[in-house]
$ cat work15.csv   # CSV, C-alpha atoms
chain,number,residue,atom,x,y,z
A,1,MET,CA,-71.0,-25.9,23.7
A,2,LYS,CA,-69.4,-29.4,23.5
A,3,THR,CA,-66.0,-27.8,24.0
A,4,ILE,CA,-67.1,-26.0,27.1
A,5,LEU,CA,-68.7,-29.2,28.5
A,6,GLY,CA,-65.4,-31.0,27.8
A,7,PHE,CA,-63.5,-28.5,29.9
A,8,VAL,CA,-66.0,-28.4,32.7
A,9,LEU,CA,-66.7,-32.2,33.0
A,10,THR,CA,-63.2,-33.6,32.4
A,11,PRO,CA,-62.0,-33.0,36.0
A,12,VAL,CA,-65.3,-34.5,37.3
A,13,PHE,CA,-64.7,-37.6,35.1
A,14,HIS,CA,-61.1,-38.1,36.2
A,15,LEU,CA,-62.0,-37.6,39.9
A,16,TYR,CA,-64.8,-40.2,39.5
A,17,MET,CA,-62.5,-42.8,37.8
A,18,VAL,CA,-59.6,-42.4,40.2
A,19,SER,CA,-61.9,-42.5,43.2
A,20,LEU,CA,-63.3,-45.8,42.0
A,21,ILE,CA,-59.9,-47.4,41.3
A,22,VAL,CA,-58.6,-46.3,44.8
A,23,ALA,CA,-61.8,-47.2,46.7
A,24,PHE,CA,-62.1,-50.7,45.2
A,25,TYR,CA,-58.6,-51.7,46.3
A,26,PRO,CA,-59.7,-52.4,49.9
A,27,VAL,CA,-63.0,-53.8,48.7
A,28,GLN,CA,-61.0,-56.5,46.7
A,29,VAL,CA,-58.7,-57.2,49.6
A,30,VAL,CA,-61.5,-57.7,52.1
A,31,ALA,CA,-63.6,-59.8,49.6
A,32,ARG,CA,-60.6,-62.1,48.8
A,33,ARG,CA,-59.4,-62.5,52.4
A,34,PHE,CA,-62.8,-63.1,54.1
A,35,PHE,CA,-65.1,-64.4,51.3
A,36,GLY,CA,-62.8,-66.0,48.7
A,37,ASP,CA,-61.7,-65.2,45.1
A,38,TYR,CA,-65.3,-65.5,43.7
A,39,SER,CA,-66.3,-62.5,45.8
A,40,ARG,CA,-63.2,-60.6,44.7
A,41,ARG,CA,-64.1,-61.4,41.1
A,42,LYS,CA,-67.6,-60.0,41.6
A,43,SER,CA,-66.2,-56.9,43.1
A,44,VAL,CA,-64.1,-56.4,40.0
A,45,ASP,CA,-67.2,-56.9,37.8
A,46,LEU,CA,-68.9,-54.1,39.7
A,47,LEU,CA,-65.9,-51.9,39.4
A,48,ASN,CA,-65.8,-52.5,35.6
A,49,ILE,CA,-69.4,-51.5,35.0
A,50,LEU,CA,-69.1,-48.4,37.3
A,51,LEU,CA,-66.0,-47.4,35.3
A,52,LEU,CA,-67.9,-47.8,32.0
A,53,ARG,CA,-70.8,-45.8,33.4
A,54,GLY,CA,-68.4,-43.0,34.1
A,55,LEU,CA,-68.1,-42.4,30.4
A,56,HIS,CA,-71.6,-40.9,30.5
A,57,ILE,CA,-70.2,-38.0,32.6
A,58,ILE,CA,-68.5,-36.8,29.4
A,59,GLY,CA,-71.6,-37.4,27.3
A,60,ALA,CA,-70.4,-40.6,25.7
A,61,ARG,CA,-73.1,-42.8,24.1
A,62,VAL,CA,-72.1,-46.5,24.6
A,63,LYS,CA,-73.2,-49.4,22.4
A,64,TYR,CA,-72.6,-53.1,22.9
A,65,LEU,CA,-72.9,-55.2,19.7
A,66,GLY,CA,-72.5,-58.9,18.9
A,67,LEU,CA,-73.0,-60.4,22.4
A,68,GLU,CA,-74.9,-63.2,20.7
A,69,ASN,CA,-71.6,-64.3,19.2
A,70,LEU,CA,-70.1,-65.4,22.5
A,71,PRO,CA,-69.5,-69.2,22.5
A,72,SER,CA,-70.3,-71.5,25.5
A,73,ASN,CA,-68.2,-74.0,27.4
A,74,ARG,CA,-65.0,-73.1,25.6
A,75,PRO,CA,-61.8,-71.3,26.6
A,76,VAL,CA,-61.7,-68.0,24.8
A,77,ILE,CA,-58.9,-65.9,23.4
A,78,VAL,CA,-60.1,-62.3,23.1
A,79,VAL,CA,-58.1,-60.3,20.5
A,80,SER,CA,-58.8,-56.6,20.6
A,81,ASN,CA,-57.5,-53.4,19.2
A,82,HIS,CA,-56.0,-51.0,21.9
A,83,GLN,CA,-57.0,-47.4,22.1
A,84,SER,CA,-56.8,-46.4,25.8
A,85,MET,CA,-56.9,-47.6,29.4
A,86,TYR,CA,-60.7,-47.6,29.2
A,87,ASP,CA,-60.4,-50.7,27.0
A,88,ILE,CA,-59.7,-52.8,30.0
A,89,PRO,CA,-63.1,-52.4,31.8
A,90,ALA,CA,-64.9,-52.8,28.5
A,91,ILE,CA,-63.4,-56.2,27.9
A,92,GLY,CA,-63.6,-57.2,31.6
A,93,TRP,CA,-67.4,-56.4,31.7
A,94,SER,CA,-68.2,-57.8,28.2
A,95,PHE,CA,-66.5,-61.2,29.0
A,96,ARG,CA,-67.2,-61.3,32.7
A,97,LYS,CA,-68.7,-64.8,32.6
A,98,TYR,CA,-65.3,-66.1,31.4
A,99,TYR,CA,-63.4,-64.6,34.3
A,100,PRO,CA,-61.1,-62.7,31.8
A,101,LYS,CA,-57.4,-62.5,32.4
A,102,PHE,CA,-55.0,-60.0,30.6
A,103,ILE,CA,-51.6,-60.1,29.2
A,104,SER,CA,-50.1,-57.0,30.8
A,105,LYS,CA,-46.7,-55.4,31.2
A,106,ILE,CA,-45.3,-56.2,34.6
A,107,GLU,CA,-45.0,-52.5,35.6
A,108,LEU,CA,-48.8,-52.4,35.9
A,109,SER,CA,-48.7,-54.9,38.8
A,110,LYS,CA,-47.4,-52.2,41.1
A,111,ASN,CA,-48.8,-48.9,42.5
A,112,MET,CA,-52.1,-49.0,40.5
A,113,PHE,CA,-54.4,-49.8,43.4
A,114,SER,CA,-57.4,-51.9,42.2
A,115,ILE,CA,-55.8,-52.5,38.8
A,116,SER,CA,-52.6,-53.9,40.2
A,117,TYR,CA,-54.4,-56.1,42.7
A,118,ASN,CA,-56.7,-57.5,40.1
A,119,LEU,CA,-53.8,-58.3,37.7
A,120,LYS,CA,-51.8,-60.1,40.5
A,121,HIS,CA,-54.7,-62.0,42.1
A,122,GLY,CA,-56.7,-62.5,39.0
A,123,LYS,CA,-53.8,-64.6,37.6
A,124,SER,CA,-53.2,-62.5,34.6
A,125,ALA,CA,-49.9,-62.9,32.6
A,126,LEU,CA,-47.4,-60.2,33.8
A,127,ILE,CA,-44.7,-60.0,31.2
A,128,ASP,CA,-41.4,-58.3,31.1
A,129,ARG,CA,-41.1,-56.9,27.6
A,130,LYS,CA,-37.3,-56.9,27.8
A,131,ASN,CA,-37.3,-60.6,28.6
A,132,GLY,CA,-38.7,-62.7,25.7
A,133,SER,CA,-38.4,-66.1,27.4
A,134,GLN,CA,-40.1,-64.9,30.5
A,135,SER,CA,-43.0,-63.4,28.4
A,136,VAL,CA,-43.5,-66.7,26.5
A,137,LYS,CA,-43.5,-68.7,29.7
A,138,GLU,CA,-46.1,-66.4,31.3
A,139,ILE,CA,-48.4,-66.4,28.2
A,140,LEU,CA,-48.1,-70.2,27.9
A,141,LYS,CA,-49.0,-70.6,31.5
A,142,LEU,CA,-52.0,-68.4,31.0
A,143,GLY,CA,-53.1,-70.5,28.0
A,144,ARG,CA,-53.0,-73.6,30.1
A,145,LEU,CA,-55.0,-71.9,32.8
A,146,ILE,CA,-57.8,-70.9,30.4
A,147,GLU,CA,-57.7,-74.4,28.8
A,148,LYS,CA,-58.3,-76.1,32.2
A,149,ASN,CA,-61.1,-73.8,33.4
A,150,ASN,CA,-62.8,-72.4,30.2
A,151,TYR,CA,-61.6,-68.9,31.1
A,152,ALA,CA,-60.8,-66.0,28.7
A,153,ALA,CA,-57.4,-64.6,28.0
A,154,CYS,CA,-57.3,-61.1,26.5
A,155,ILE,CA,-54.5,-59.9,24.3
A,156,PHE,CA,-53.8,-56.6,22.5
A,157,PRO,CA,-51.6,-57.8,19.5
A,158,GLU,CA,-50.6,-54.2,18.6
A,159,GLY,CA,-48.5,-54.3,21.8
A,160,THR,CA,-49.1,-50.7,22.7
A,161,ARG,CA,-52.0,-48.2,22.4
A,162,SER,CA,-52.9,-46.4,19.2
A,163,LYS,CA,-53.5,-42.8,19.9
A,164,THR,CA,-55.1,-42.1,16.5
A,165,GLY,CA,-57.3,-45.2,16.4
A,166,ARG,CA,-55.5,-46.5,13.3
A,167,LEU,CA,-54.3,-50.1,13.9
A,168,ARG,CA,-50.7,-50.7,14.5
A,169,PRO,CA,-49.3,-54.0,13.0
A,170,PHE,CA,-50.6,-57.1,14.8
A,171,MET,CA,-47.9,-59.4,16.2
A,172,SER,CA,-48.6,-63.1,16.2
A,173,ALA,CA,-46.2,-64.4,19.0
A,174,GLY,CA,-48.6,-63.9,21.9
A,175,ILE,CA,-51.5,-65.5,20.1
A,176,GLN,CA,-49.3,-68.4,19.1
A,177,SER,CA,-48.3,-69.0,22.7
A,178,LEU,CA,-51.9,-68.8,24.0
A,179,LEU,CA,-53.0,-71.4,21.4
A,180,ARG,CA,-50.1,-73.7,22.4
A,181,GLY,CA,-51.4,-73.6,25.9
A,182,ALA,CA,-55.1,-73.7,25.0
A,183,PRO,CA,-55.5,-75.8,21.9
A,184,SER,CA,-59.3,-76.1,22.3
A,185,ALA,CA,-59.8,-72.3,22.6
A,186,VAL,CA,-61.8,-70.3,20.2
A,187,VAL,CA,-60.5,-66.9,19.0
A,188,VAL,CA,-62.9,-64.0,19.5
A,189,PRO,CA,-62.2,-60.6,17.8
A,190,PHE,CA,-63.3,-57.6,19.9
A,191,VAL,CA,-63.5,-54.1,18.3
A,192,ILE,CA,-63.3,-51.0,20.3
A,193,SER,CA,-64.3,-47.8,18.6
A,194,GLY,CA,-64.4,-44.2,20.0
A,195,HIS,CA,-61.9,-44.2,22.9
A,196,ASN,CA,-59.3,-42.5,20.7
A,197,ARG,CA,-61.8,-39.7,19.8
A,198,ILE,CA,-62.4,-39.0,23.4
A,199,LEU,CA,-58.7,-38.6,23.9
A,200,GLU,CA,-58.2,-36.5,20.7
A,201,LYS,CA,-56.6,-33.7,22.7
A,202,GLY,CA,-55.1,-35.9,25.4
A,203,ASN,CA,-56.4,-36.3,28.9
A,204,PHE,CA,-57.5,-32.7,29.1
A,205,PRO,CA,-60.0,-31.7,27.9
A,206,LEU,CA,-61.7,-34.9,26.9
A,207,LYS,CA,-64.0,-34.7,24.0
A,208,PHE,CA,-67.6,-34.5,25.0
A,209,GLY,CA,-70.5,-36.4,23.4
A,210,GLU,CA,-68.7,-39.1,21.4
A,211,GLU,CA,-70.2,-42.5,20.4
A,212,ILE,CA,-68.4,-45.5,21.7
A,213,THR,CA,-69.0,-49.0,20.3
A,214,TYR,CA,-67.8,-52.4,21.7
A,215,GLN,CA,-68.4,-55.1,19.2
A,216,ILE,CA,-67.9,-58.9,19.5
A,217,LEU,CA,-67.3,-60.4,16.0
A,218,GLU,CA,-67.9,-63.9,14.9
A,219,PRO,CA,-65.5,-66.3,16.6
A,220,ILE,CA,-62.7,-68.0,14.7
A,221,GLU,CA,-61.9,-71.7,14.9
A,222,PRO,CA,-58.1,-71.8,14.9
A,223,GLN,CA,-57.6,-75.4,13.9
A,224,ASP,CA,-55.8,-75.9,10.6
A,225,HIS,CA,-54.6,-72.4,10.5
A,226,SER,CA,-51.2,-71.0,11.6
A,227,ALA,CA,-50.9,-68.2,14.2
A,228,GLU,CA,-49.7,-65.9,11.5
A,229,GLU,CA,-52.7,-66.6,9.3
A,230,ILE,CA,-55.1,-66.1,12.2
A,231,THR,CA,-53.3,-62.8,13.2
A,232,HIS,CA,-53.5,-61.5,9.6
A,233,HIS,CA,-57.2,-62.3,9.4
A,234,LEU,CA,-57.9,-60.7,12.7
A,235,GLN,CA,-56.1,-57.5,11.7
A,236,LYS,CA,-58.0,-57.2,8.4
A,237,THR,CA,-61.4,-58.0,10.1
A,238,ILE,CA,-61.0,-55.5,13.0
A,239,GLU,CA,-59.6,-52.9,10.6
A,240,LYS,CA,-62.7,-53.3,8.3
A,241,HIS,CA,-65.1,-52.8,11.2
A,242,LEU,CA,-63.2,-49.8,12.5
A,243,ARG,CA,-63.7,-48.2,9.1

$ encode --input "work15.csv" --output "C-alpha cells"
Amino acid sequence: MKTILGFVLTPVFHLYMVSLIVAFYPVQVVARRFFGDYSRRKSVDLLNILLLRGLHIIGARVKYLGLENLPSNRPVIVVSNHQSMYDIPAIGWSFRKYYPKFISKIELSKNMFSISYNLKHGKSALIDRKNGSQSVKEILKLGRLIEKNNYAACIFPEGTRSKTGRLRPFMSAGIQSLLRGAPSAVVVPFVISGHNRILEKGNFPLKFGEEITYQILEPIEPQDHSAEEITHHLQKTIEKHLR
C-alpha cells in the first residue's frame, strides 16, 4: 500500500513544492521593494514552513527535538549533515529567529526562483568551489556579518549531499573561516534524519510514510579548541545521533 501511495502522491508533492518556490519569488520581490527586507524575511519564513508541511503529502511524520538548546543573544554557527534539498527549509525554519544565512555554491544564485532570490538578498555566502581564495573571503565576510548582528550562518561540512544518509568526511576549512569572522559565535550541531530514506529510489517514487527528525544538539563553545578538533567532535556527535 505504501508503494502505491508513493507512486500516486509523488507527483502531487513535487507540484506542490515547485509551485511554492515559483509563487514566492514575486512575493519576495514585492515584500523587499515596498516593505523592506524584514518583510521579505518573513515571507521566506512562511515559505519554509509551507515547504516543510508539504512533507505530509507523502505521509512523513516530522519531529523537532532540542529547541530548548538554542542560545540567546549570540551569533550562531549551525553545522548540519546534508541529505537533500529539503534540509534548507528545515534549518531556515528551526533557526528563523537568527535570520539564518547559508554557505552555498554560486550556481544556486541563478534560475532557482525563490531560492536564488533569498540567497542573493539574504546575504548568504555564494562560493565558487573552483576558487579557494574567493570562497574563504565570502565565508569570512559572512562570519563578520553574523558577529555584528547575532545572526546564524549555516554550513554543511560534508560539502555535498549524502544519498545514503551515511556521513561523508567533515571538512574544517569553512568552520575555521566562520570562527575567524565570528569569534564570539557558538557552534550548534543540527542533525537531520530521514530525508535520505524518502529519496531511497530517487525523486520518483518517493518513499511514503517515513519518520523525519530535526534535532538541535547541545551547543559547543569553540574557545580553546582548534577548528579541526571542533570539526572532529561535530562529526562524531552527529554520527552518533544518526545511528

$ residues_around --input "work15.csv" --residues "region 40-48 of chain A" --least-positions-apart "5" --cutoff "7 Å" --atoms "all atoms listed in the file" --output "list in words"
Gln28, Ala31, Arg32, Pro89, Gly92, Trp93 and Arg96 of chain A

$ residues_around --input "work15.csv" --residues "region 69-77 of chain A" --least-positions-apart "5" --cutoff "10 Å" --atoms "only C-alpha atoms" --output "ChimeraX atom specification"
/A:94-95,97-98,100-101,143-155,175,178-179,182-189,215-220

$ residues_around --input "work15.csv" --residues "Ala125 (chain A)" --least-positions-apart "3" --cutoff "6 Å" --atoms "all atoms listed in the file" --output "ChimeraX atom specification"
/A:103,138-139

$ atom_distance --input "work15.csv" --atom1 "CA of Lys105 (chain A)" --atom2 "CA of Ser172 (chain A)"
17.0 Å

$ residues_around --input "work15.csv" --residues "region 234-241 of chain A" --least-positions-apart "6" --cutoff "7 Å" --atoms "only C-alpha atoms" --output "compact mmCIF listing (two decimals) with C-alpha atoms, in the coordinates of the input"
# COMPACT_ATOMS: atom_id res chain seq x y z
CA LEU A 167 -54.30 -50.10 13.90
CA PHE A 170 -50.60 -57.10 14.80
CA PRO A 189 -62.20 -60.60 17.80
CA VAL A 191 -63.50 -54.10 18.30

$ closest_residue --input "work15.csv" --among "A:Lys163, A:Arg168, A:Ala23, A:Phe204" --to "Ile58 (chain A)" --atoms "all atoms listed in the file"
A:Phe204

$ closest_atom_pairs --input "work15.csv" --of "region 136-213 of chain A" --to "region 14-18 of chain A" --cutoff "12 Å" --atoms "all atoms listed in the file" --output "CSV"
residue,atom,partner,partner_atom,distance
A:Asn203,CA,A:His14,CA,8.9
A:Phe204,CA,A:His14,CA,9.6
A:Pro205,CA,A:His14,CA,10.5
A:Leu206,CA,A:His14,CA,9.9

$ residues_around --input "work15.csv" --residues "region 59-68 of chain A" --least-positions-apart "4" --cutoff "9 Å" --atoms "all atoms listed in the file" --output "PyMOL selection string"
chain A and resi 5-6+52-55+94+198+207-218

$ atom_distance --input "work15.csv" --atom1 "CA of Glu107 (chain A)" --atom2 "CA of Ile192 (chain A)"
23.9 Å

$ residues_near_point --input "work15.csv" --point "(-60.7, -60.1, 47.5)" --cutoff "9 Å" --atoms "only C-alpha atoms" --output "short mmCIF file (atom, residue, chain, number, x, y, z; two decimals) with C-alpha atoms, in the coordinates of the input"
data_model
loop_
_atom_site.label_atom_id
_atom_site.label_comp_id
_atom_site.auth_asym_id
_atom_site.auth_seq_id
_atom_site.Cartn_x
_atom_site.Cartn_y
_atom_site.Cartn_z
CA TYR A 25 -58.60 -51.70 46.30
CA PRO A 26 -59.70 -52.40 49.90
CA VAL A 27 -63.00 -53.80 48.70
CA GLN A 28 -61.00 -56.50 46.70
CA VAL A 29 -58.70 -57.20 49.60
CA VAL A 30 -61.50 -57.70 52.10
CA ALA A 31 -63.60 -59.80 49.60
CA ARG A 32 -60.60 -62.10 48.80
CA ARG A 33 -59.40 -62.50 52.40
CA PHE A 34 -62.80 -63.10 54.10
CA PHE A 35 -65.10 -64.40 51.30
CA GLY A 36 -62.80 -66.00 48.70
CA ASP A 37 -61.70 -65.20 45.10
CA TYR A 38 -65.30 -65.50 43.70
CA SER A 39 -66.30 -62.50 45.80
CA ARG A 40 -63.20 -60.60 44.70
CA ARG A 41 -64.10 -61.40 41.10
CA SER A 43 -66.20 -56.90 43.10
CA TYR A 117 -54.40 -56.10 42.70
CA ASN A 118 -56.70 -57.50 40.10
CA HIS A 121 -54.70 -62.00 42.10
#

$ atom_distance --input "work15.csv" --atom1 "CA of Ser226 (chain A)" --atom2 "CA of Gln176 (chain A)"
8.2 Å

$ closest_residue --input "work15.csv" --among "A:Ile49, A:Val22, A:Ile57, A:Leu108" --to "Phe7 (chain A)" --atoms "only C-alpha atoms"
A:Ile57

$ closest_residue --input "work15.csv" --among "A:Ser193, A:Thr164, A:Ser133, A:Ser177" --to "Ala227 (chain A)" --atoms "all atoms listed in the file"
A:Ser177
